[in-house]
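This is my_file_16.csv. It holds CSV, C-alpha atoms.
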chain,number,residue,atom,x,y,z
W,129,MET,CA,-9.3,-42.9,-14.6
W,130,SER,CA,-6.4,-40.5,-14.0
W,131,ALA,CA,-3.1,-41.5,-15.5
W,132,ALA,CA,-0.3,-42.5,-13.1
W,133,ILE,CA,2.0,-39.5,-12.7
W,134,THR,CA,5.7,-39.9,-11.7
W,135,PRO,CA,6.3,-37.9,-8.5
W,136,SER,CA,9.1,-35.4,-8.3
W,137,ARG,CA,12.2,-36.5,-6.4
W,138,GLY,CA,15.1,-34.4,-5.3
W,139,ALA,CA,18.0,-34.4,-2.9
W,140,ASN,CA,17.6,-35.4,0.7
W,141,TYR,CA,18.8,-32.1,1.9
W,142,ALA,CA,20.0,-28.7,0.6
W,143,ARG,CA,22.8,-26.4,1.7
W,144,ILE,CA,24.4,-23.0,1.0
W,145,LEU,CA,27.5,-23.8,-1.1
W,146,SER,CA,28.9,-20.3,-1.4
W,147,VAL,CA,28.1,-16.6,-0.7
W,148,ALA,CA,29.4,-13.5,-2.5
W,149,GLY,CA,28.7,-9.8,-2.4
W,150,TYR,CA,28.7,-6.8,-4.6
W,151,ARG,CA,29.1,-3.3,-3.0
W,152,PRO,CA,28.7,-0.4,-5.3
W,153,GLU,CA,31.7,1.9,-5.6
W,154,ARG,CA,30.3,5.2,-4.4
W,155,VAL,CA,30.6,5.7,-0.6
W,156,VAL,CA,28.0,8.1,0.8
W,157,THR,CA,28.9,9.7,4.1
W,158,ASN,CA,26.5,10.9,6.8
W,159,ASP,CA,27.8,14.4,6.2
W,160,GLU,CA,26.8,14.3,2.6
W,161,LEU,CA,23.2,13.3,3.4
W,162,CYS,CA,23.0,16.0,6.1
W,163,GLU,CA,23.2,18.6,3.4
W,164,ARG,CA,19.6,17.7,2.7
W,165,ILE,CA,18.2,16.6,6.1
W,166,ASP,CA,18.3,18.4,9.5
W,167,SER,CA,20.5,15.8,11.2
W,168,SER,CA,24.2,15.2,12.0
W,169,ASP,CA,26.8,12.5,11.6
W,170,GLU,CA,26.7,12.0,15.4
W,171,TRP,CA,22.9,11.6,15.5
W,172,ILE,CA,22.8,9.1,12.7
W,173,ARG,CA,25.6,7.0,14.2
W,174,GLU,CA,23.8,7.0,17.6
W,175,ARG,CA,20.4,6.2,16.2
W,176,SER,CA,21.4,3.6,13.6
W,177,GLY,CA,25.1,2.7,13.9
W,178,ILE,CA,25.5,3.7,10.3
W,179,ILE,CA,28.8,5.5,9.5
W,180,GLU,CA,28.6,5.3,5.7
W,181,ARG,CA,26.7,3.4,3.0
W,182,ARG,CA,27.1,2.6,-0.7
W,183,TYR,CA,25.0,3.9,-3.6
W,184,ALA,CA,24.9,2.4,-7.1
W,185,ALA,CA,25.7,4.6,-10.1
W,186,PRO,CA,22.8,6.1,-11.9
W,187,ASP,CA,23.2,3.7,-14.8
W,188,GLU,CA,23.8,0.7,-12.6
W,189,SER,CA,20.7,-1.4,-12.3
W,190,VAL,CA,19.4,-4.0,-9.8
W,191,ALA,CA,20.1,-6.7,-12.4
W,192,ASP,CA,23.6,-5.4,-13.0
W,193,MET,CA,24.5,-5.7,-9.3
W,194,ALA,CA,22.8,-9.1,-9.1
W,195,VAL,CA,24.8,-10.4,-12.1
W,196,ASN,CA,28.0,-9.4,-10.4
W,197,ALA,CA,27.2,-11.0,-7.1
W,198,ALA,CA,25.7,-14.2,-8.7
W,199,GLY,CA,28.7,-14.6,-11.0
W,200,GLN,CA,31.1,-14.5,-8.0
W,201,ALA,CA,29.0,-16.9,-6.0
W,202,LEU,CA,28.9,-19.4,-8.9
W,203,GLU,CA,32.7,-19.2,-9.2
W,204,ARG,CA,33.2,-19.7,-5.5
W,205,ALA,CA,30.9,-22.7,-5.5
W,206,GLY,CA,32.6,-24.2,-8.6
W,207,VAL,CA,29.2,-24.7,-10.1
W,208,ASP,CA,28.8,-24.5,-13.9
W,209,PRO,CA,25.9,-22.0,-14.7
W,210,SER,CA,24.4,-24.6,-17.0
W,211,ARG,CA,23.5,-26.7,-14.0
W,212,VAL,CA,21.5,-23.9,-12.3
W,213,GLY,CA,17.8,-24.8,-12.5
W,214,LEU,CA,16.4,-21.8,-10.8
W,215,VAL,CA,17.4,-18.1,-10.4
W,216,MET,CA,15.6,-16.1,-7.7
W,217,LEU,CA,16.0,-12.5,-7.0
W,218,ALA,CA,14.8,-11.2,-3.7
W,219,THR,CA,14.2,-7.5,-4.4
W,220,VAL,CA,11.6,-4.7,-4.1
W,221,THR,CA,13.5,-2.1,-6.2
W,222,HIS,CA,13.6,-3.6,-9.7
W,223,PRO,CA,11.7,-0.8,-11.4
W,224,PHE,CA,9.7,-2.9,-13.8
W,225,PRO,CA,6.6,-4.9,-12.7
W,226,THR,CA,7.4,-7.1,-15.7
W,227,PRO,CA,9.6,-8.6,-17.0
W,228,SER,CA,11.4,-9.9,-14.0
W,229,ALA,CA,15.0,-9.0,-13.2
W,230,ALA,CA,15.6,-12.7,-12.5
W,231,ALA,CA,15.1,-13.7,-16.2
W,232,ASP,CA,17.7,-11.1,-17.3
W,233,VAL,CA,20.1,-12.2,-14.6
W,234,ALA,CA,19.7,-15.9,-15.4
W,235,HIS,CA,20.5,-15.2,-19.0
W,236,ARG,CA,23.5,-12.9,-18.2
W,237,ILE,CA,25.2,-15.4,-15.8
W,238,GLY,CA,24.8,-18.2,-18.3
W,239,ALA,CA,22.0,-20.1,-16.6
W,240,THR,CA,20.3,-19.8,-19.9
W,241,THR,CA,17.5,-22.4,-19.3
W,242,ALA,CA,17.0,-21.9,-15.6
W,243,ALA,CA,13.6,-21.0,-14.2
W,244,ALA,CA,13.6,-17.3,-13.1
W,245,ILE,CA,11.5,-15.4,-10.6
W,246,ASP,CA,11.6,-12.2,-8.5
W,247,LEU,CA,10.5,-12.5,-4.9
W,248,SER,CA,8.8,-9.6,-3.1
W,249,ALA,CA,9.3,-10.0,0.6
W,250,ALA,CA,11.2,-6.8,1.4
W,251,CYS,CA,13.9,-7.3,4.0
W,252,ALA,CA,12.8,-10.9,4.7
W,253,GLY,CA,13.3,-11.7,1.0
W,254,PHE,CA,16.6,-13.5,1.4
W,255,CYS,CA,15.4,-15.8,4.1
W,256,TYR,CA,12.2,-16.5,2.2
W,257,GLY,CA,14.4,-17.4,-0.8
W,258,ILE,CA,16.5,-19.8,1.3
W,259,GLU,CA,13.3,-21.7,2.2
W,260,PHE,CA,12.0,-21.7,-1.4
W,261,GLY,CA,15.4,-22.7,-2.8
W,262,SER,CA,16.0,-25.5,-0.4
W,263,SER,CA,12.5,-26.8,-0.9
W,264,VAL,CA,13.0,-26.8,-4.7
W,265,ILE,CA,16.3,-28.7,-4.4
W,266,ARG,CA,14.6,-31.3,-2.2
W,267,SER,CA,11.6,-31.6,-4.5
W,268,GLY,CA,13.8,-32.1,-7.6
W,269,GLY,CA,12.7,-28.9,-9.3
W,270,ALA,CA,16.4,-27.8,-9.6
W,271,GLU,CA,19.8,-29.3,-8.8
W,272,TYR,CA,21.3,-25.9,-8.1
W,273,VAL,CA,19.7,-22.6,-7.2
W,274,VAL,CA,21.1,-19.1,-7.4
W,275,LEU,CA,19.5,-16.7,-4.9
W,276,VAL,CA,20.4,-13.1,-4.9
W,277,GLY,CA,19.2,-10.5,-2.4
W,278,VAL,CA,19.6,-7.2,-4.3
W,279,GLU,CA,18.4,-3.6,-3.8
W,280,LYS,CA,18.8,-0.2,-5.2
W,281,LEU,CA,17.0,1.6,-2.5
W,282,SER,CA,18.6,4.9,-3.3
W,283,ASP,CA,16.1,5.2,-6.2
W,284,TRP,CA,13.2,5.0,-3.7
W,285,ILE,CA,14.4,7.3,-0.9
W,286,ASP,CA,13.0,10.8,-0.1
W,287,PRO,CA,16.4,12.5,0.4
W,288,ASP,CA,14.6,15.2,2.5
W,289,ASP,CA,13.0,12.7,5.0
W,290,ARG,CA,15.2,12.7,8.1
W,291,GLY,CA,13.6,9.5,9.3
W,292,THR,CA,14.7,7.3,6.4
W,293,ALA,CA,17.1,9.0,4.1
W,294,PHE,CA,20.2,7.9,6.1
W,295,LEU,CA,19.1,4.3,6.5
W,296,PHE,CA,18.7,2.8,3.1
W,297,ALA,CA,21.4,1.9,0.6
W,298,ASP,CA,22.3,-0.3,-2.4
W,299,GLY,CA,24.0,-3.6,-2.9
W,300,ALA,CA,23.7,-7.3,-3.8
W,301,GLY,CA,24.5,-10.5,-2.0
W,302,ALA,CA,24.2,-13.9,-3.6
W,303,VAL,CA,24.3,-17.6,-2.6
W,304,VAL,CA,24.4,-20.8,-4.5
W,305,LEU,CA,22.2,-23.5,-3.0
W,306,GLY,CA,22.8,-27.2,-3.9
W,307,PRO,CA,22.2,-30.7,-2.7
W,308,SER,CA,23.6,-32.0,0.6
W,309,ASP,CA,24.0,-35.4,2.3
W,310,GLU,CA,23.5,-33.7,5.7
W,311,PRO,CA,20.8,-31.4,6.9
W,312,ALA,CA,22.3,-27.8,6.5
W,313,ILE,CA,19.2,-25.6,6.5
W,314,GLY,CA,16.9,-25.8,9.5
W,315,PRO,CA,13.1,-25.5,9.5
W,316,VAL,CA,11.9,-22.0,8.6
W,317,VAL,CA,9.9,-19.9,11.1
W,318,TRP,CA,8.1,-17.4,9.1
W,319,GLY,CA,4.9,-15.4,8.7
W,320,SER,CA,3.3,-12.0,8.1
W,321,ASP,CA,1.3,-9.4,9.9
W,322,GLY,CA,-0.7,-7.4,7.4
W,323,SER,CA,-2.4,-5.4,10.2
W,324,GLN,CA,0.9,-3.4,10.3
W,325,LEU,CA,1.0,-2.8,6.5
W,326,GLU,CA,1.4,1.0,7.1
W,327,ALA,CA,4.5,0.5,9.4
W,328,ILE,CA,6.8,0.5,6.3
W,329,THR,CA,5.2,1.5,3.1
W,330,MET,CA,5.5,4.0,0.1
W,331,THR,CA,4.4,7.6,0.3
W,332,GLN,CA,1.9,6.8,-2.6
W,333,SER,CA,1.3,4.2,-5.3
W,334,LEU,CA,3.0,4.6,-8.7
W,335,ILE,CA,-0.5,4.8,-10.3
W,336,ASP,CA,-1.6,7.6,-7.9
W,337,TYR,CA,1.5,9.4,-8.8
W,338,LYS,CA,0.8,9.0,-12.5
W,339,LEU,CA,-2.8,10.1,-12.2
W,340,VAL,CA,-2.7,12.7,-9.4
W,341,GLY,CA,0.9,13.5,-9.1
W,342,GLY,CA,2.7,14.5,-5.9
W,343,GLU,CA,5.5,16.6,-4.5
W,344,ILE,CA,7.9,13.7,-4.6
W,345,PHE,CA,8.3,10.5,-6.6
W,346,PRO,CA,6.9,7.6,-4.4
W,347,ALA,CA,9.4,6.9,-1.7
W,348,LEU,CA,9.8,4.7,1.3
W,349,GLU,CA,8.3,5.9,4.6
W,350,MET,CA,8.5,4.2,7.9
W,351,GLN,CA,7.0,4.4,11.5
W,352,GLY,CA,10.4,4.0,13.1
W,353,GLN,CA,9.2,3.4,16.7
W,354,GLN,CA,6.5,0.9,15.6
W,355,VAL,CA,9.0,-1.0,13.6
W,356,PHE,CA,11.5,-1.0,16.4
W,357,ARG,CA,9.0,-2.3,18.9
W,358,TRP,CA,7.9,-5.1,16.6
W,359,ALA,CA,11.5,-6.0,15.6
W,360,VAL,CA,12.7,-6.2,19.2
W,361,GLY,CA,9.6,-7.6,20.8
W,362,GLU,CA,8.5,-10.1,18.2
W,363,MET,CA,11.5,-10.9,16.1
W,364,ALA,CA,13.7,-12.0,19.0
W,365,LYS,CA,11.0,-14.5,19.8
W,366,LYS,CA,10.9,-15.8,16.2
W,367,ALA,CA,14.7,-16.1,16.2
W,368,ALA,CA,14.5,-18.2,19.3
W,369,GLU,CA,11.8,-20.3,17.7
W,370,ALA,CA,14.1,-21.0,14.7
W,371,LEU,CA,16.8,-22.2,17.1
W,372,ASP,CA,14.3,-24.5,18.9
W,373,ALA,CA,12.9,-25.8,15.5
W,374,ALA,CA,16.5,-26.8,14.5
W,375,ALA,CA,17.2,-28.1,18.0
W,376,VAL,CA,20.3,-25.9,18.1
W,377,SER,CA,21.2,-24.0,21.3
W,378,ALA,CA,22.3,-20.4,21.2
W,379,ASP,CA,25.6,-21.6,22.8
W,380,ASP,CA,26.3,-23.7,19.7
W,381,LEU,CA,26.1,-20.8,17.3
W,382,ASP,CA,29.1,-19.5,15.4
W,383,ALA,CA,27.2,-16.5,14.1
W,384,PHE,CA,24.1,-14.4,14.5
W,385,ILE,CA,23.3,-12.7,11.2
W,386,PRO,CA,20.1,-10.7,11.5
W,387,HIS,CA,18.8,-8.4,8.7
W,388,GLN,CA,20.9,-5.2,9.0
W,389,ALA,CA,17.9,-2.9,9.7
W,390,ASN,CA,19.5,-0.7,12.4
W,391,MET,CA,22.4,-1.3,14.8
W,392,ARG,CA,20.0,-0.5,17.7
W,393,ILE,CA,17.6,-3.2,16.6
W,394,THR,CA,20.5,-5.7,16.4
W,395,ASP,CA,21.7,-4.7,19.9
W,396,ALA,CA,18.2,-4.9,21.4
W,397,MET,CA,17.6,-8.3,19.7
W,398,VAL,CA,20.9,-9.6,21.1
W,399,ARG,CA,19.8,-8.5,24.6
W,400,ALA,CA,16.3,-9.9,24.2
W,401,LEU,CA,17.7,-13.3,22.9
W,402,LYS,CA,20.2,-13.4,25.8
W,403,LEU,CA,22.8,-14.4,23.1
W,404,PRO,CA,26.0,-15.7,24.7
W,405,GLU,CA,28.8,-13.2,24.4
W,406,HIS,CA,31.1,-15.5,22.4
W,407,VAL,CA,28.7,-15.6,19.4
W,408,PRO,CA,29.8,-13.1,16.7
W,409,VAL,CA,27.0,-10.7,15.6
W,410,ALA,CA,26.8,-9.2,12.2
W,411,ARG,CA,27.3,-5.4,12.3
W,412,ASP,CA,27.8,-4.9,8.6
W,413,ILE,CA,25.3,-2.0,8.6
W,414,ALA,CA,28.0,0.4,9.9
W,415,HIS,CA,29.6,0.6,6.4
W,416,THR,CA,26.9,-0.8,4.2
W,417,GLY,CA,23.6,0.8,5.5
W,418,ASN,CA,20.3,-1.1,5.4
W,419,THR,CA,20.3,-2.9,2.0
W,420,SER,CA,17.0,-4.8,2.7
W,421,ALA,CA,17.1,-8.2,1.0
W,422,ALA,CA,20.8,-7.9,0.3
W,423,SER,CA,21.9,-7.3,3.9
W,424,ILE,CA,22.1,-10.8,5.3
W,425,PRO,CA,24.2,-12.3,2.4
W,426,LEU,CA,26.4,-9.2,2.4
W,427,ALA,CA,27.0,-9.5,6.1
W,428,MET,CA,27.6,-13.2,5.8
W,429,GLN,CA,30.2,-12.7,3.0
W,430,ALA,CA,32.0,-10.0,4.9
W,431,MET,CA,32.2,-12.0,8.1
W,432,LEU,CA,33.4,-15.1,6.3
W,433,ASP,CA,35.9,-13.3,4.2
W,434,ALA,CA,37.3,-11.5,7.2
W,435,GLY,CA,37.7,-14.8,9.1
W,436,GLU,CA,35.3,-13.6,11.9
W,437,ILE,CA,33.2,-16.7,11.5
W,438,PRO,CA,34.1,-20.2,10.3
W,439,HIS,CA,33.3,-21.9,7.0
W,440,GLY,CA,31.0,-24.8,7.9
W,441,GLY,CA,29.9,-23.1,11.1
W,442,THR,CA,26.4,-22.7,12.3
W,443,ALA,CA,24.5,-19.4,11.9
W,444,LEU,CA,21.1,-18.1,12.9
W,445,VAL,CA,19.7,-15.8,10.2
W,446,ILE,CA,16.5,-13.7,10.4
W,447,GLY,CA,15.0,-11.3,7.9
W,448,PHE,CA,12.1,-9.0,8.8
W,449,GLY,CA,10.5,-6.0,7.1
W,450,ALA,CA,7.8,-4.3,5.2
W,451,GLY,CA,4.5,-6.2,5.1
W,452,LEU,CA,5.2,-6.8,7.9
W,453,VAL,CA,6.9,-10.2,7.0
W,454,TYR,CA,9.6,-12.2,8.5
W,455,ALA,CA,11.5,-15.5,8.2
W,456,ALA,CA,14.2,-17.1,10.3
W,457,GLN,CA,16.3,-20.3,10.1
W,458,VAL,CA,19.5,-21.9,11.3
W,459,VAL,CA,21.9,-22.6,8.4
W,460,THR,CA,25.3,-24.2,8.0
W,461,LEU,CA,27.7,-21.5,6.7
W,462,PRO,CA,29.3,-22.1,3.2
X,62,MET,CA,4.0,0.1,45.8
X,63,SER,CA,5.3,3.0,43.8
X,64,GLN,CA,8.7,2.6,45.4
X,65,GLU,CA,8.8,-1.0,44.2
X,66,ILE,CA,7.9,0.1,40.7
X,67,LEU,CA,10.5,2.9,40.8
X,68,ASP,CA,13.2,0.4,41.9
X,69,GLY,CA,12.2,-2.0,39.2
X,70,LEU,CA,12.2,0.7,36.6
X,71,ALA,CA,15.7,1.8,37.7
X,72,VAL,CA,17.0,-1.7,37.0
X,73,ILE,CA,15.4,-1.7,33.6
X,74,VAL,CA,16.8,1.7,32.6
X,75,ASN,CA,20.2,0.6,33.8
X,76,GLU,CA,20.0,-2.6,31.7
X,77,VAL,CA,18.8,-0.8,28.6
X,78,ALA,CA,20.9,2.4,28.7
X,79,GLY,CA,23.6,1.9,31.3
X,80,VAL,CA,22.3,4.7,33.5
X,81,PRO,CA,23.3,4.2,37.1
X,82,VAL,CA,20.4,2.9,39.2
X,83,GLU,CA,20.7,5.6,41.8
X,84,ASP,CA,20.2,8.3,39.1
X,85,VAL,CA,16.8,7.0,38.2
X,86,GLN,CA,14.6,9.2,40.4
X,87,SER,CA,10.9,10.2,40.1
X,88,ASP,CA,11.6,13.8,39.1
X,89,LYS,CA,14.1,13.0,36.4
X,90,SER,CA,13.2,13.4,32.7
X,91,PHE,CA,14.0,10.4,30.6
X,92,VAL,CA,15.2,12.5,27.7
X,93,ASP,CA,16.7,15.6,29.3
X,94,ASP,CA,18.2,14.1,32.5
X,95,LEU,CA,18.9,10.5,31.8
X,96,ASP,CA,19.7,10.8,28.1
X,97,ILE,CA,17.2,8.1,27.1
X,98,ASP,CA,16.4,8.5,23.4
X,99,SER,CA,13.2,7.4,21.7
X,100,LEU,CA,14.5,4.0,20.8
X,101,SER,CA,15.8,3.2,24.2
X,102,MET,CA,12.5,4.5,25.6
X,103,VAL,CA,10.7,1.8,23.5
X,104,GLU,CA,12.9,-0.8,25.0
X,105,VAL,CA,12.3,0.5,28.5
X,106,VAL,CA,8.5,0.4,27.8
X,107,MET,CA,8.6,-3.1,26.5
X,108,ALA,CA,10.6,-4.4,29.5
X,109,ALA,CA,8.1,-2.6,31.8
X,110,GLU,CA,5.2,-4.2,30.0
X,111,ASP,CA,6.7,-7.6,30.5
X,112,LYS,CA,7.5,-7.0,34.1
X,113,TRP,CA,4.2,-5.5,35.3
X,114,GLY,CA,1.8,-7.0,32.8
X,115,VAL,CA,0.6,-3.5,31.6
X,116,LYS,CA,0.0,-2.3,28.1
X,117,ILE,CA,1.7,1.0,27.3
X,118,PRO,CA,0.6,2.0,23.7
X,119,ASP,CA,2.9,4.1,21.5
X,120,SER,CA,0.4,7.0,21.8
X,121,GLU,CA,0.9,7.0,25.6
X,122,VAL,CA,4.7,6.7,25.6
X,123,LYS,CA,5.2,10.4,24.5
X,124,ASN,CA,3.3,11.5,27.7
X,125,LEU,CA,5.7,9.7,29.9
X,126,THR,CA,8.2,12.6,30.3
X,127,THR,CA,9.6,11.8,33.8
X,128,VAL,CA,10.3,8.6,35.6
X,129,GLY,CA,7.5,9.6,38.0
X,130,ASP,CA,5.0,9.7,35.0
X,131,ALA,CA,6.0,6.2,34.1
X,132,VAL,CA,5.7,4.9,37.7
X,133,ALA,CA,2.2,6.5,38.0
X,134,PHE,CA,1.0,5.1,34.7
X,135,ILE,CA,2.2,1.6,35.6
X,136,ALA,CA,0.7,1.8,39.1
X,137,ALA,CA,-2.6,3.0,37.7
X,138,ASN,CA,-2.9,0.4,35.0
X,139,GLN,CA,-1.4,-2.7,36.6

Encoded form using structure tokens:
Amino acid sequence: MSAAITPSRGANYARILSVAGYRPERVVTNDELCERIDSSDEWIRERSGIIERRYAAPDESVADMAVNAAGQALERAGVDPSRVGLVMLATVTHPFPTPSAAADVAHRIGATTAAAIDLSAACAGFCYGIEFGSSVIRSGGAEYVVLVGVEKLSDWIDPDDRGTAFLFADGAGAVVLGPSDEPAIGPVVWGSDGSQLEAITMTQSLIDYKLVGGEIFPALEMQGQQVFRWAVGEMAKKAAEALDAAAVSADDLDAFIPHQANMRITDAMVRALKLPEHVPVARDIAHTGNTSAASIPLAMQAMLDAGEIPHGGTALVIGFGAGLVYAAQVVTLP
Amino acid sequence: MSQEILDGLAVIVNEVAGVPVEDVQSDKSFVDDLDIDSLSMVEVVMAAEDKWGVKIPDSEVKNLTTVGDAVAFIAANQ
């Protein structure tokens, strides 16, 4: 006979308590990148909306950036690090398969006994983390969760590839998730499409590079038009599904914060969604570039801090990227 | 039939890229005359697929140089 096991029990609901961002100091202009690629400031702005982006310093790691953003988020939430039960890092650029960056970050922010894990869901990583984090709070696995979207994509760019060199950048955005009396994170609409694995991938595996070598260190490569078609055609539908699942109408939104993939994708999604004109749309990519998992929390932090969107307002977030993978939900803003 | 597709395509091109409807004529090149770049072209193609129930694969899109090419493709594959 099996012994009776006490079931786990957590909070009724979870919410985002705070958001904070870390933007590396060094500003990289389009003109600087055009010293290596056959392009121009005007072309990059037209095709991506990117005016400039930030690169981390050579000795500044994924974990370093995450510690900064997470520390700020804890302070803003007023949560003592000792009460954090789980630290998650959504990242694909921590350069060690093991140990995780999350364990290092947990220790350095003072969450010395928290569970720690890195999530690999590329540009959807932050929204995946919101679902995991809120689920853990509701199951009782943690009272508070620190979720950081963080990337140092500058380490994984081919600076001579005119299709991607101007897109990707570095940064970290963190949230603290905690218990809530009211629903504040809607049902997730998520999934994957591995048939499009090659749409965004690496030029070769690290092992192939070690064994066979190559002209360049493995770098990101992307089929831009394929990704654009998928993002605009399919992701606008998923964003609409997330609204339906939460029973929130587009009219009731205080913010639309899609992954900052490309301004043109954002513009086309807004058209496809028929988003009402009064809803503020995140356009942080202009000065931040595409920071993958970090882009949504960075944009959220920037819009809140600038007073463009209200604390406690309702936002639609959607992350989508390499895999291909995606996740969308409606959330109450911290 | 073709005129109907041309008119519909002109509306789509206008919505996607702000090109005046009357400028969208059969002999016009999407890139050279109408200033439609590759990303806008993808949006035009997707809207056309929805409107006429055709499938226009990425491999075909690069062959659609002029507005007339697109109209002919849609008419033939509708």

Q: Please identify every residue of chain W that has at least one atom no more than 12 Å from any atom of chain X, counting all atoms listed in the file, and report them as a ChimeraX atom specification.
A: /W:171,174-176,351-362,390-393,395-400

Q: Give me the residues within 12 Å of X:Asp96 as a list in words, counting all atoms listed in the file and dropping any in the same chain fewer than 5 places off.
A: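 The contact residues come out as Glu174 of chain W; Val74, Asn75, Val77, Ala78, Gly79, Val80, Pro81, Asp84, Val85, Lys89, Ser90, Phe91, Ser101, Met102, Thr126 and Thr127 of chain X.
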
(Q) Neighbouring residues of stretch 253-256 of chain W were defined as those with any atom within 7 Å, considering only C-alpha atoms; residues of the same chain fewer than 2 positions away were excluded. Please report them as a count of residues only. (A) 16

Q. Any idea what's packed within 10 Å of X:Gln86, counting all atoms listed in the file, ignoring anything in its chain fewer than 5 positions away? Could you give it as an MDAnalysis selection string?
A. chainID X and resid 67:68 70:71 91 94:95 127:129

(Q) as a list of chain:residue names, please: the residues near W:Arg211 (cut-off 8 Å, only C-alpha atoms, same-chain neighbours under 6 positions excluded). (A)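 Counting only C-alpha atoms, the residues come to W:Ala239, W:Glu271, W:Tyr272.
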
Q | For atom CA of W:Tyr141 and atom CA of W:Ala300, the interatomic separation in Å (one decimal) | A |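 Separation between atom CA of W:Tyr141 and atom CA of W:Ala300: 25.9 Å.
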
Q.
For a quick check of understanding, using only C-alpha atoms, which of W:Leu202, W:Ala194, W:Val155, W:Ala252 has the smallest distance to W:Arg182?
A.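 Residue with the minimum atom-to-atom distance to W:Arg182: W:Val155.
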
Q) So how many Å separate atom CA of W:Leu325 and atom CA of W:Leu452, to one decimal? A)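 It comes out at 6.0 Å.
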
Q) Is there a way to get, as a list in words, all residues within 7 Å of the point (29.6, 12.8, 5.5) in file coordinates, counting all atoms listed in the file? A)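 Those within range, by chain then number, are Val156, Thr157, Asn158, Asp159, Glu160, Leu161 and Asp169 of chain W.
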
(Q) Quick check, in Å to one decimal: how far apart do atom CA of W:Arg411 and atom CA of W:Gly322 lie? (A)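 Computing it gives 28.5 Å between the two atoms.
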
Spatial neighbours of X:Ile135, max dist 8 Å, all atoms listed in the file, sep filter under 5 positions, as a PDB file with C-alpha atoms, in the coordinates of the input:
ATOM      1  CA  ILE X  66       7.900   0.100  40.700  1.00  0.00           C
ATOM      2  CA  TRP X 113       4.200  -5.500  35.300  1.00  0.00           C
ATOM      3  CA  VAL X 115       0.600  -3.500  31.600  1.00  0.00           C
TER       4      VAL X 115
END

Q: Could you check which of W:Ser308, W:Ser282, W:Ser189, W:Ser130 is closest to W:His222, using all atoms listed in the file?
A: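 Closest residue, counting all atoms listed in the file: W:Ser189.
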
Q | Which of W:Pro386, W:Gly417, W:Gly319, W:Gly449 sits closest to W:Gly299 [using all atoms listed in the file] | A |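 Selected residue with least distance to W:Gly299: W:Gly417.
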
Q) How would you write as a ChimeraX atom specification the residues that get within 10 Å of (15.4, -14.4, 13.8) in the file's frame, counting all atoms listed in the file? A) /W:255,316-318,359,362-371,384-387,397,401,444-448,454-458

Please, can stretch 110-122 of chain X be completed to N, CA and C atoms and returned as a JSON list (two decimals), in the coordinates of the input?
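Output contents, as saved in part-v1.json:
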[["chain", "number", "residue", "atom", "x", "y", "z"],
["X", 110, "GLU", "N", 6.38, -3.44, 30.31],
["X", 110, "GLU", "CA", 5.20, -4.20, 30.00],
["X", 110, "GLU", "C", 5.28, -5.65, 30.41],
["X", 111, "ASP", "N", 6.45, -6.22, 30.12],
["X", 111, "ASP", "CA", 6.70, -7.60, 30.50],
["X", 111, "ASP", "C", 6.67, -7.80, 32.01],
["X", 112, "LYS", "N", 7.34, -6.87, 32.67],
["X", 112, "LYS", "CA", 7.50, -7.00, 34.10],
["X", 112, "LYS", "C", 6.23, -6.85, 34.90],
["X", 113, "TRP", "N", 5.43, -5.84, 34.51],
["X", 113, "TRP", "CA", 4.20, -5.50, 35.30],
["X", 113, "TRP", "C", 2.92, -5.91, 34.62],
["X", 114, "GLY", "N", 3.01, -6.53, 33.46],
["X", 114, "GLY", "CA", 1.80, -7.00, 32.80],
["X", 114, "GLY", "C", 0.87, -5.84, 32.37],
["X", 115, "VAL", "N", 1.45, -4.68, 32.06],
["X", 115, "VAL", "CA", 0.60, -3.50, 31.60],
["X", 115, "VAL", "C", 0.81, -3.37, 30.11],
["X", 116, "LYS", "N", -0.12, -2.65, 29.47],
["X", 116, "LYS", "CA", 0.00, -2.30, 28.10],
["X", 116, "LYS", "C", 0.27, -0.83, 27.97],
["X", 117, "ILE", "N", 1.38, -0.45, 27.40],
["X", 117, "ILE", "CA", 1.70, 1.00, 27.30],
["X", 117, "ILE", "C", 1.76, 1.28, 25.77],
["X", 118, "PRO", "N", 0.66, 1.77, 25.17],
["X", 118, "PRO", "CA", 0.60, 2.00, 23.70],
["X", 118, "PRO", "C", 1.60, 3.13, 23.30],
["X", 119, "ASP", "N", 2.03, 3.08, 22.03],
["X", 119, "ASP", "CA", 2.90, 4.10, 21.50],
["X", 119, "ASP", "C", 2.39, 5.51, 21.76],
["X", 120, "SER", "N", 1.05, 5.64, 21.65],
["X", 120, "SER", "CA", 0.40, 7.00, 21.80],
["X", 120, "SER", "C", 0.60, 7.47, 23.25],
["X", 121, "GLU", "N", 0.77, 6.57, 24.20],
["X", 121, "GLU", "CA", 0.90, 7.00, 25.60],
["X", 121, "GLU", "C", 2.38, 7.27, 25.95],
["X", 122, "VAL", "N", 3.29, 6.62, 25.21],
["X", 122, "VAL", "CA", 4.70, 6.70, 25.60],
["X", 122, "VAL", "C", 5.19, 8.18, 25.57]]
